[in-house]
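Take a look at the structure below.
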Amino acid sequence: MLLSATFAFVVALTPAPSLLLPAQPVGAPIDCNGAVFKSQIYSNDVECQEISRNRLTIQDQTITLRVLRDDAEDAQLPPAYEAAALEAITKSFEIVAKQRKLNFHNVSILPRDVYNQRREAKMSGVTYWRGKAECVISLEVVPASRFTPEANLLMFKFIVAHEAFHCVQSWNWSHQLALDSANWWKEGSADLIAMLAYPGIDSQMKVNMGYADIANAKAVTQMDYGNVLFFHWLWAQSPQKVFDLIAAMPRDPANDTIEAQEAALKAYLPQDATAQYATAYSGGKIYR
Ligand SMILES: [Zn+2]
């Protein structure tokens, strides 16, 4: 569940929707120097400090968004990126919470050190999750010198909004998410939510890239980020269809094949979906 982007996003910001009250607190964040946290991020080499803690009320749940710092990695977010991360997570959660009653939990943001690698334009996120428990989003941030600071920040927000939807996937469809063969919908639906959170010229370019892939006769189960187009089409029919599709995907680790994914997709979608999709996206292909 890695997303790297190498181009900039220009978006129009929309005001945050109002939050619903009252709410039940979800639970205390876990000790980020403890064994549970270390095993979750597959690293014992953590000297964790909490930089900030914010509460977010979403539907009837009050969750904690933490920003952490790992002294062992000497990593922290550049100025302005902390607020940007919190905004992107909030937007991502609110887009889906507006459509369906879902489970939410705490989120921790853990920056990774990439400065010593002298990399240019490295922005990526990895989400570590344990089912219905705290979600850890690890981020690497090196702004690209060829882009404006604003464009870099927007690209960062897109990545965080994408990772935040992986958290939602883990809290609500953890069995489906655990399968390797689920990559096609994991990444396609996460890019959809990020695109809805930060629509703009360059995210439209991503759509067109996905379109080009599909026009080249790839089935959706054979792609990952390119499926933003397919999920955009599904969301336009009804956002409920995106959630229902994910819920209908295979849950059994013994059934972790692309064939099983495609069979579940065929069982879920109406028979005329192939024709409808091909009409909507001139030749777009769903199945192999
Ligand atoms: Zn991803």
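Labeling convention for the structure tokens: chains A, B, ... as they appear, residues from 1 per chain, ligands from 1 in order of appearance.
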DSSP helix (DSSP H, G or I) residues within region 32-280 of chain A, as a ChimeraX atom specification | /A:35-40,81-97,115-117,149-172,174-177,180-197,201-215,220-222,225-237,239-247,253-255,258-268,273-280
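The protein and nucleic acid residues lying at most 7 Å from Asp191 (chain A) are His162, Tyr225 and Val228 of chain A, with only C-alpha atoms considered and sequence neighbours fewer than 5 positions away removed.
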Write a file of the selected residues as a short mmCIF file (atom, residue, chain, number, x, y, z; two decimals), in the first residue's frame, keeping N, CA and C atoms.
data_model
loop_
_atom_site.label_atom_id
_atom_site.label_comp_id
_atom_site.auth_asym_id
_atom_site.auth_seq_id
_atom_site.Cartn_x
_atom_site.Cartn_y
_atom_site.Cartn_z
N HIS A 162 -5.17 9.51 0.43
CA HIS A 162 -5.15 8.14 -0.10
C HIS A 162 -4.84 7.14 1.03
N TYR A 225 -3.52 1.54 -9.26
CA TYR A 225 -3.90 2.95 -9.20
C TYR A 225 -4.75 3.36 -10.41
N VAL A 228 -8.65 4.06 -10.54
CA VAL A 228 -9.35 5.27 -10.08
C VAL A 228 -10.49 5.58 -11.05
#
Neighbours of Ile193 (chain A) within 8 Å (only C-alpha atoms; same-chain residues fewer than 2 positions away dropped), as JSON, numbers by chain?
-> {"A": [92, 95, 96, 161, 162, 165, 189, 190, 191, 195, 196, 197]}
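A distance search around ligand 1 (9 Å at most, only C-alpha atoms and all ligand atoms) returns the following protein and nucleic acid residues: Met1, Leu2, Leu3, Ser4, Gly125, Val126, Thr127, Ile159, His162, Glu163, Phe165, His166, Asn183, Lys186, Glu187, Gly188, Ser189, Ala190, Asp191, Asp224 and Tyr225 of chain A.
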Within region 120-198 of chain A, find each residue whose DSSP state, derived from the backbone, is strand (DSSP E or B), and express the selection as a count of residues only.
-> 15
Quick one: which region 15-88 of chain A residues come within 12 Å of region 132-138 of chain A, and what is the nearest atom pair for each with the distance in Å to one decimal, counting only C-alpha atoms, rows ordered by chain and ascending number, as a tab-separated table?
residue	atom	partner	partner_atom	distance
A:Val26	CA	A:Ala133	CA	9.6
A:Gly27	CA	A:Glu134	CA	9.4
A:Ala28	CA	A:Glu134	CA	9.4
A:Pro29	CA	A:Glu134	CA	7.0
A:Ile30	CA	A:Glu134	CA	7.5
A:Asp31	CA	A:Glu134	CA	10.8
A:Cys32	CA	A:Val136	CA	10.0
A:Val36	CA	A:Glu134	CA	10.5
A:Phe37	CA	A:Val136	CA	8.7
A:Lys38	CA	A:Val136	CA	10.8
A:Ser39	CA	A:Val136	CA	11.6
A:Gln40	CA	A:Val136	CA	8.2
A:Ile41	CA	A:Val136	CA	7.7
A:Tyr42	CA	A:Val136	CA	11.5
A:Ile63	CA	A:Glu134	CA	9.5
A:Thr64	CA	A:Glu134	CA	9.2
A:Leu65	CA	A:Glu134	CA	9.7
A:Arg66	CA	A:Val136	CA	9.4
A:Val67	CA	A:Ile137	CA	9.7
A:Leu68	CA	A:Ser138	CA	9.7
A:Arg69	CA	A:Ser138	CA	10.5
A:Asp70	CA	A:Ser138	CA	10.7
A:Ala75	CA	A:Ser138	CA	10.7
A:Gln76	CA	A:Ser138	CA	10.9
A:Leu77	CA	A:Ser138	CA	10.8
A:Ala85	CA	A:Ile137	CA	10.0
A:Leu86	CA	A:Ile137	CA	11.5
